[in-house]
Every structure is written in C-alpha cells, then in structure tokens.
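K.L.:
I'm passing along structure-v1.csv; it holds CSV, N, CA and C atoms.
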```csv
chain,number,residue,atom,x,y,z
A,279,MET,N,-7.4,-5.2,0.4
A,279,MET,CA,-6.2,-4.5,-0.1
A,279,MET,C,-6.6,-3.7,-1.3
A,280,ILE,N,-6.1,-2.4,-1.3
A,280,ILE,CA,-6.4,-1.5,-2.4
A,280,ILE,C,-5.1,-1.2,-3.1
A,281,LEU,N,-5.0,-1.3,-4.4
A,281,LEU,CA,-3.8,-0.9,-5.2
A,281,LEU,C,-4.2,0.3,-6.0
A,282,ASN,N,-3.3,1.3,-6.0
A,282,ASN,CA,-3.5,2.4,-6.9
A,282,ASN,C,-2.2,2.8,-7.6
A,283,SER,N,-2.4,3.6,-8.6
A,283,SER,CA,-1.2,4.0,-9.5
A,283,SER,C,-0.6,5.3,-9.0
A,284,ASP,N,-1.0,5.8,-7.9
A,284,ASP,CA,-0.4,7.1,-7.4
A,284,ASP,C,1.0,6.9,-6.9
A,285,PRO,N,2.0,7.6,-7.5
A,285,PRO,CA,3.4,7.4,-7.1
A,285,PRO,C,3.7,8.0,-5.7
A,286,GLY,N,2.9,8.9,-5.2
A,286,GLY,CA,3.2,9.6,-3.9
A,286,GLY,C,3.6,11.0,-4.2
A,287,ILE,N,4.1,11.6,-3.1
A,287,ILE,CA,4.4,13.1,-3.2
A,287,ILE,C,5.9,13.2,-2.8
A,288,GLU,N,6.6,14.1,-3.4
A,288,GLU,CA,8.0,14.3,-3.1
A,288,GLU,C,8.1,14.7,-1.7
A,289,LEU,N,9.1,14.1,-1.0
A,289,LEU,CA,9.3,14.4,0.4
A,289,LEU,C,9.6,15.8,0.7
A,290,GLY,N,10.3,16.5,-0.2
A,290,GLY,CA,10.6,17.9,0.0
A,290,GLY,C,9.3,18.8,0.0
A,291,ALA,N,8.4,18.5,-0.9
A,291,ALA,CA,7.1,19.2,-0.9
A,291,ALA,C,6.3,18.9,0.3
A,292,LEU,N,6.2,17.7,0.8
A,292,LEU,CA,5.5,17.3,2.0
A,292,LEU,C,6.1,18.0,3.2
A,293,ALA,N,7.5,18.1,3.2
A,293,ALA,CA,8.1,18.8,4.4
A,293,ALA,C,7.8,20.2,4.4
A,294,SER,N,7.7,20.9,3.3
A,294,SER,CA,7.4,22.3,3.3
A,294,SER,C,6.0,22.6,3.8
A,295,VAL,N,5.0,21.7,3.4
A,295,VAL,CA,3.6,21.8,3.8
A,295,VAL,C,3.5,21.5,5.3
A,296,MET,N,4.2,20.5,5.8
A,296,MET,CA,4.1,20.0,7.2
A,296,MET,C,5.0,20.7,8.1
A,297,GLY,N,5.9,21.5,7.6
A,297,GLY,CA,6.8,22.3,8.5
A,297,GLY,C,8.0,21.6,9.1
A,298,PHE,N,8.6,20.7,8.3
A,298,PHE,CA,9.8,20.1,8.8
A,298,PHE,C,10.8,20.1,7.6
A,299,SER,N,12.0,19.8,7.9
A,299,SER,CA,13.1,19.8,6.9
A,299,SER,C,13.6,18.4,6.6
A,300,VAL,N,14.1,18.3,5.4
A,300,VAL,CA,14.7,17.0,4.9
A,300,VAL,C,16.0,17.4,4.2
A,301,PRO,N,17.0,16.5,4.2
A,301,PRO,CA,18.2,16.8,3.5
A,301,PRO,C,17.9,16.9,2.0
A,302,ALA,N,18.7,17.7,1.3
A,302,ALA,CA,18.5,17.9,-0.1
A,302,ALA,C,18.5,16.5,-0.9
A,303,THR,N,19.4,15.6,-0.4
A,303,THR,CA,19.5,14.3,-1.1
A,303,THR,C,18.2,13.5,-1.0
A,304,ALA,N,17.3,13.8,0.0
A,304,ALA,CA,16.1,13.1,0.1
A,304,ALA,C,14.8,13.8,-0.4
A,305,ALA,N,15.0,15.1,-0.8
A,305,ALA,CA,13.9,15.9,-1.1
A,305,ALA,C,13.0,15.4,-2.3
A,306,ARG,N,13.6,14.7,-3.2
A,306,ARG,CA,12.9,14.2,-4.4
A,306,ARG,C,12.4,12.8,-4.2
A,307,ARG,N,12.7,12.1,-3.1
A,307,ARG,CA,12.1,10.8,-2.8
A,307,ARG,C,10.6,10.9,-2.7
A,308,LEU,N,9.9,9.8,-3.1
A,308,LEU,CA,8.5,9.8,-3.0
A,308,LEU,C,8.0,9.2,-1.7
A,309,TRP,N,7.0,9.8,-1.2
A,309,TRP,CA,6.4,9.4,0.1
A,309,TRP,C,4.9,9.2,-0.1
A,310,PRO,N,4.2,8.2,0.5
A,310,PRO,CA,2.8,8.1,0.3
A,310,PRO,C,2.0,9.3,0.8
A,311,HIS,N,0.9,9.6,0.1
A,311,HIS,CA,0.1,10.7,0.4
A,311,HIS,C,-0.5,10.5,1.8
A,312,LEU,N,-0.6,11.5,2.6
A,312,LEU,CA,-1.1,11.4,4.0
A,312,LEU,C,-2.5,12.0,4.2
A,313,GLU,N,-3.0,12.7,3.1
A,313,GLU,CA,-4.2,13.5,3.3
A,313,GLU,C,-5.5,12.7,3.1
A,314,GLY,N,-5.4,11.4,2.9
A,314,GLY,CA,-6.7,10.6,2.8
A,314,GLY,C,-6.9,10.1,1.4
A,315,TYR,N,-7.7,9.1,1.3
A,315,TYR,CA,-8.0,8.4,0.1
A,315,TYR,C,-8.9,9.2,-0.8
A,316,ASN,N,-9.9,9.8,-0.2
A,316,ASN,CA,-10.9,10.6,-1.0
A,316,ASN,C,-10.6,12.1,-0.9
A,317,MET,N,-11.2,12.8,-1.8
A,317,MET,CA,-11.0,14.3,-1.7
A,317,MET,C,-11.4,14.9,-0.4
A,318,ASN,N,-10.6,15.8,0.1
A,318,ASN,CA,-10.9,16.5,1.4
A,318,ASN,C,-11.3,17.9,1.0
A,319,ARG,N,-12.6,18.2,0.8
A,319,ARG,CA,-13.0,19.5,0.3
A,319,ARG,C,-12.7,20.6,1.3
A,320,ALA,N,-12.7,20.3,2.6
A,320,ALA,CA,-12.4,21.3,3.6
A,320,ALA,C,-10.9,21.8,3.5
A,321,GLN,N,-10.0,20.9,3.1
A,321,GLN,CA,-8.6,21.3,2.9
A,321,GLN,C,-8.3,21.6,1.4
A,322,ASN,N,-9.3,21.4,0.5
A,322,ASN,CA,-9.1,21.6,-0.9
A,322,ASN,C,-8.0,20.7,-1.4
A,323,VAL,N,-8.0,19.5,-1.0
A,323,VAL,CA,-6.9,18.5,-1.4
A,323,VAL,C,-7.6,17.4,-2.1
A,324,THR,N,-7.1,17.1,-3.3
A,324,THR,CA,-7.6,16.0,-4.1
A,324,THR,C,-7.1,14.7,-3.5
A,325,GLY,N,-8.0,13.7,-3.3
A,325,GLY,CA,-7.5,12.4,-2.8
A,325,GLY,C,-7.0,11.6,-4.0
A,326,ILE,N,-6.6,10.3,-3.7
A,326,ILE,CA,-6.1,9.5,-4.7
A,326,ILE,C,-7.0,8.3,-5.1
A,327,ALA,N,-8.3,8.4,-4.7
A,327,ALA,CA,-9.2,7.4,-5.0
A,327,ALA,C,-9.4,7.2,-6.5
A,328,GLN,N,-9.2,8.2,-7.3
A,328,GLN,CA,-9.4,8.1,-8.8
A,328,GLN,C,-8.3,7.3,-9.4
A,329,THR,N,-7.2,7.1,-8.7
A,329,THR,CA,-6.1,6.3,-9.3
A,329,THR,C,-6.1,4.8,-8.9
A,330,GLU,N,-7.3,4.4,-8.3
A,330,GLU,CA,-7.4,3.0,-7.9
A,330,GLU,C,-7.4,2.1,-9.1
A,331,VAL,N,-6.6,1.0,-8.9
A,331,VAL,CA,-6.4,0.0,-10.0
A,331,VAL,C,-7.2,-1.3,-9.7
A,332,ALA,N,-7.1,-1.7,-8.4
A,332,ALA,CA,-7.7,-3.0,-8.0
A,332,ALA,C,-8.1,-2.9,-6.5
A,333,ARG,N,-9.1,-3.6,-6.1
A,333,ARG,CA,-9.5,-3.8,-4.7
A,333,ARG,C,-9.8,-5.2,-4.5
A,334,VAL,N,-9.2,-5.8,-3.5
A,334,VAL,CA,-9.3,-7.3,-3.2
A,334,VAL,C,-9.6,-7.5,-1.8
A,335,ILE,N,-10.6,-8.3,-1.5
A,335,ILE,CA,-10.9,-8.6,-0.1
A,335,ILE,C,-9.9,-9.7,0.3
A,336,MET,N,-9.2,-9.5,1.5
A,336,MET,CA,-8.2,-10.4,2.0
A,336,MET,C,-8.8,-11.2,3.1
A,337,ARG,N,-8.4,-12.5,3.2
A,337,ARG,CA,-8.8,-13.4,4.3
A,337,ARG,C,-7.9,-13.2,5.5
A,338,PRO,N,-8.4,-12.9,6.7
A,338,PRO,CA,-7.5,-12.8,7.8
A,338,PRO,C,-7.2,-14.2,8.3
A,339,GLY,N,-6.0,-14.4,9.0
A,339,GLY,CA,-5.6,-15.7,9.6
A,339,GLY,C,-4.5,-15.4,10.6
A,340,THR,N,-4.1,-16.5,11.1
A,340,THR,CA,-3.0,-16.5,12.1
A,340,THR,C,-1.8,-17.4,11.7
A,341,VAL,N,-0.7,-17.2,12.2
A,341,VAL,CA,0.5,-18.0,12.0
A,341,VAL,C,1.2,-18.2,13.3
A,342,ASN,N,1.8,-19.5,13.4
A,342,ASN,CA,2.6,-19.8,14.6
A,342,ASN,C,3.7,-20.6,14.1
A,343,PRO,N,5.0,-20.2,14.3
A,343,PRO,CA,5.4,-19.1,15.2
A,343,PRO,C,5.2,-17.8,14.5
A,344,PRO,N,5.2,-16.7,15.3
A,344,PRO,CA,5.1,-15.4,14.7
A,344,PRO,C,6.2,-15.0,13.7
A,345,VAL,N,5.8,-14.2,12.8
A,345,VAL,CA,6.7,-13.8,11.7
A,345,VAL,C,7.2,-12.3,11.9
A,346,ASP,N,8.5,-12.2,11.9
A,346,ASP,CA,9.1,-10.8,12.0
A,346,ASP,C,10.4,-10.8,11.2
A,347,PRO,N,10.6,-10.0,10.3
A,347,PRO,CA,9.9,-8.8,9.9
A,347,PRO,C,8.7,-9.2,9.0
A,348,PHE,N,7.9,-8.2,8.7
A,348,PHE,CA,6.8,-8.3,7.8
A,348,PHE,C,7.2,-9.0,6.5
A,349,SER,N,6.4,-9.9,6.0
A,349,SER,CA,6.8,-10.7,4.8
A,349,SER,C,5.6,-10.7,3.8
A,350,ILE,N,5.9,-10.9,2.6
A,350,ILE,CA,5.0,-11.0,1.5
A,350,ILE,C,5.4,-12.3,0.7
A,351,SER,N,4.4,-13.2,0.5
A,351,SER,CA,4.8,-14.4,-0.3
A,351,SER,C,3.7,-14.6,-1.4
A,352,LEU,N,4.1,-15.2,-2.4
A,352,LEU,CA,3.3,-15.7,-3.5
A,352,LEU,C,3.4,-17.2,-3.7
A,353,THR,N,2.3,-17.9,-3.6
A,353,THR,CA,2.4,-19.4,-3.7
A,353,THR,C,1.5,-19.8,-4.8
A,354,PRO,N,2.0,-20.7,-5.7
A,354,PRO,CA,1.1,-21.2,-6.8
A,354,PRO,C,-0.1,-21.9,-6.2
A,355,SER,N,-1.3,-21.6,-6.8
A,355,SER,CA,-2.6,-22.2,-6.3
A,355,SER,C,-3.4,-22.6,-7.5
A,356,GLY,N,-2.9,-23.3,-8.4
A,356,GLY,CA,-3.6,-23.7,-9.6
A,356,GLY,C,-3.1,-23.2,-10.9
A,357,SER,N,-3.7,-23.5,-12.0
A,357,SER,CA,-3.3,-23.1,-13.3
A,357,SER,C,-3.5,-21.5,-13.4
A,358,HIS,N,-2.4,-20.8,-13.6
A,358,HIS,CA,-2.4,-19.4,-13.8
A,358,HIS,C,-3.0,-18.6,-12.6
A,359,ALA,N,-2.7,-19.2,-11.4
A,359,ALA,CA,-3.3,-18.5,-10.2
A,359,ALA,C,-2.2,-18.6,-9.1
A,360,LEU,N,-2.3,-17.6,-8.2
A,360,LEU,CA,-1.4,-17.5,-7.0
A,360,LEU,C,-2.2,-17.1,-5.8
A,361,THR,N,-1.6,-17.4,-4.6
A,361,THR,CA,-2.1,-16.9,-3.4
A,361,THR,C,-1.1,-15.9,-2.9
A,362,LEU,N,-1.6,-14.7,-2.7
A,362,LEU,CA,-0.8,-13.6,-2.1
A,362,LEU,C,-1.0,-13.6,-0.6
A,363,THR,N,0.1,-13.7,0.2
A,363,THR,CA,-0.1,-13.7,1.7
A,363,THR,C,0.8,-12.7,2.3
A,364,LEU,N,0.2,-11.8,3.1
A,364,LEU,CA,1.0,-10.8,3.9
A,364,LEU,C,1.0,-11.3,5.3
A,365,SER,N,2.2,-11.4,5.9
A,365,SER,CA,2.3,-11.9,7.3
A,365,SER,C,3.1,-10.9,8.2
A,366,TRP,N,2.7,-10.8,9.4
A,366,TRP,CA,3.4,-10.0,10.4
A,366,TRP,C,2.9,-10.4,11.8
A,367,ALA,N,3.9,-10.6,12.6
A,367,ALA,CA,3.6,-11.1,14.0
A,367,ALA,C,2.8,-12.4,13.9
A,368,ASP,N,1.7,-12.5,14.6
A,368,ASP,CA,0.9,-13.7,14.5
A,368,ASP,C,-0.3,-13.6,13.6
A,369,ARG,N,-0.3,-12.6,12.7
A,369,ARG,CA,-1.4,-12.4,11.8
A,369,ARG,C,-1.0,-12.6,10.3
A,370,THR,N,-1.9,-13.1,9.5
A,370,THR,CA,-1.8,-13.2,8.1
A,370,THR,C,-3.0,-12.6,7.4
A,371,TRP,N,-2.8,-12.2,6.1
A,371,TRP,CA,-3.9,-11.8,5.3
A,371,TRP,C,-3.6,-12.3,3.9
A,372,SER,N,-4.6,-13.0,3.3
A,372,SER,CA,-4.3,-13.6,2.0
A,372,SER,C,-5.4,-13.4,1.0
A,373,ALA,N,-5.1,-13.5,-0.3
A,373,ALA,CA,-6.0,-13.3,-1.4
A,373,ALA,C,-5.6,-14.2,-2.5
A,374,ASP,N,-6.6,-14.8,-3.2
A,374,ASP,CA,-6.3,-15.6,-4.4
A,374,ASP,C,-6.3,-14.7,-5.6
A,375,LEU,N,-5.2,-14.8,-6.4
A,375,LEU,CA,-5.1,-13.9,-7.6
A,375,LEU,C,-5.0,-14.8,-8.8
A,376,SER,N,-5.5,-14.3,-9.9
A,376,SER,CA,-5.4,-15.0,-11.2
A,376,SER,C,-5.2,-14.1,-12.3
A,377,GLY,N,-4.6,-14.5,-13.4
A,377,GLY,CA,-4.3,-13.7,-14.6
A,377,GLY,C,-5.6,-13.3,-15.3
A,378,ALA,N,-5.5,-12.2,-16.0
A,378,ALA,CA,-6.7,-11.8,-16.8
A,378,ALA,C,-7.0,-12.8,-17.9
A,379,ARG,N,-8.2,-13.0,-18.2
A,379,ARG,CA,-8.6,-14.0,-19.2
A,379,ARG,C,-9.3,-13.4,-20.4
```
Starting from the coordinates I provided, produce the structure as structure tokens.
P.N.:
Amino acid sequence: MILNSDPGIELGALASVMGFSVPATAARRLWPHLEGYNMNRAQNVTGIAQTEVARVIMRPGTVNPPVDPFSISLTPSGSHALTLTLSWADRTWSADLSGAR
C-alpha cells in the first residue's frame, strides 16, 4: 500500500484534457491522477511519487464468506498498534501499524 499527500486533480481540468464534459457542480471535485505514479517525460507530466508519505507491504489472505462491499477495518493488535485490513470478495490484504516512537 502506498500513501501520498497528493489531493488529486479537479474533475473539470481532467475533463478538458480528456475531452469529456462534467456538470459545473462537479467541476471542482477532486479525482485521482491517471497519468501514473512517476514522471512521464514523453507526455511532460509530473508524477506524484514525490508526494509519497508511506509505503507498507501488505499480507494477502482470503476470507469466507466473501465480503461485499469493499471494507476497511482497524483491529487493536497490542500496545499502540493496529492491524489494517482491506477486504473485498474472497480476498484480504492486511498490515500491522504502530504509532511513531
């Protein structure tokens, strides 16, 4: 899992570049960047890798019965620690998190 501080791009700006229209009420809403994580020199587009805050390896797993819709849970796992679990269908991904010391 990669977390970054990039807020996204305004949907109206994305629409003008991609050639579609959005209602004026939605034009200022933020949408994730679609051009990739690293800089794309061919397109002269700066990626968002420089805004990375944390990178965590997640453990894959399975769940039965399947989960729908997608869910996120935090479970205590010791003093000042949590287990973050992402679940969808019959798959899970988890990571142990702890506070800064």
K.L.:
Would you list the contacts of stretch 339-342 of chain A as a list in words, taking every protein, DNA or RNA residue within 9 Å and counting only C-alpha atoms, but skipping same-chain residues closer than 4 positions in sequence?
P.N.:
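Counting only C-alpha atoms, the residues come to Ser365, Trp366, Ala367, Asp368, Arg369, Thr370, Trp371 and Ser372 of chain A.
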K.L.:
List every protein, DNA or RNA residue that has at least one atom no more than 8 Å from (-1.7, 0.4, -9.0) in the file's coordinates, counting all atoms listed in the file, and write the result as a list in words.
P.N.:
Ile280, Leu281, Asn282, Ser283, Asp284, Thr329, Glu330, Val331 and Ala332 of chain A
K.L.:
Return the single residue from A:Phe298, A:Pro344, A:Glu288, A:Leu375 that is closest to A:His358, with distances computed using all atoms listed in the file.
P.N.:
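When distances to A:His358 are compared using all atoms listed in the file, the smallest one comes from A:Leu375.
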K.L.:
Provide the atom CA of A:Thr363 to atom CA of A:Ile335 distance in Å, to one decimal place.
P.N.:
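These atoms are spaced 12.1 Å apart.
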K.L.:
Atom N of A:Ser294 and atom CA of A:Ala320 are how many Å apart?
P.N.:
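Atom-to-atom, atom N of A:Ser294 to atom CA of A:Ala320, that is 20.1 Å.
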K.L.:
Provide the atom C of A:Tyr315 to atom C of A:Met279 distance in Å, to one decimal place.
P.N.:
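Atom C of A:Tyr315 sits 13.1 Å away from atom C of A:Met279.
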K.L.:
Of the candidates A:Phe348, A:Arg333, A:Val300, A:Ser376, which one gets nearest to A:Leu364 if we count only N, CA and C atoms?
P.N.:
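Smallest separation from A:Leu364 among the options: A:Phe348.
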K.L.:
How would you write, as a count of residues only, the set of residues in chain A that DSSP gives as strand (DSSP E or B)?
P.N.:
49
K.L.:
Quick one: of A:Leu362, A:Ala305, A:Ala327, A:Leu352, who's nearest to A:Leu292, counting only N, CA and C atoms?
P.N.:
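Among A:Leu362, A:Ala305, A:Ala327, A:Leu352, it is A:Ala305 that comes nearest to A:Leu292.
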K.L.:
Which one is closest to A:Met336: A:Ser349, A:Pro285, A:Val295, A:Ala373? Count only C-alpha atoms.
P.N.:
A:Ala373
K.L.:
Just give me the residues with any atom within 8 Å of (11.9, 14.4, -7.5), file coordinates, counting all atoms listed in the file, written as a PyMOL selection string.
P.N.:
chain A and resi 287-290+304-308
K.L.:
Could you give me, as a PyMOL selection string, each residue of stretch 285-375 of chain A that DSSP assigns to alpha helix (DSSP H) when run on this structure's backbone?
P.N.:
chain A and resi 289-296
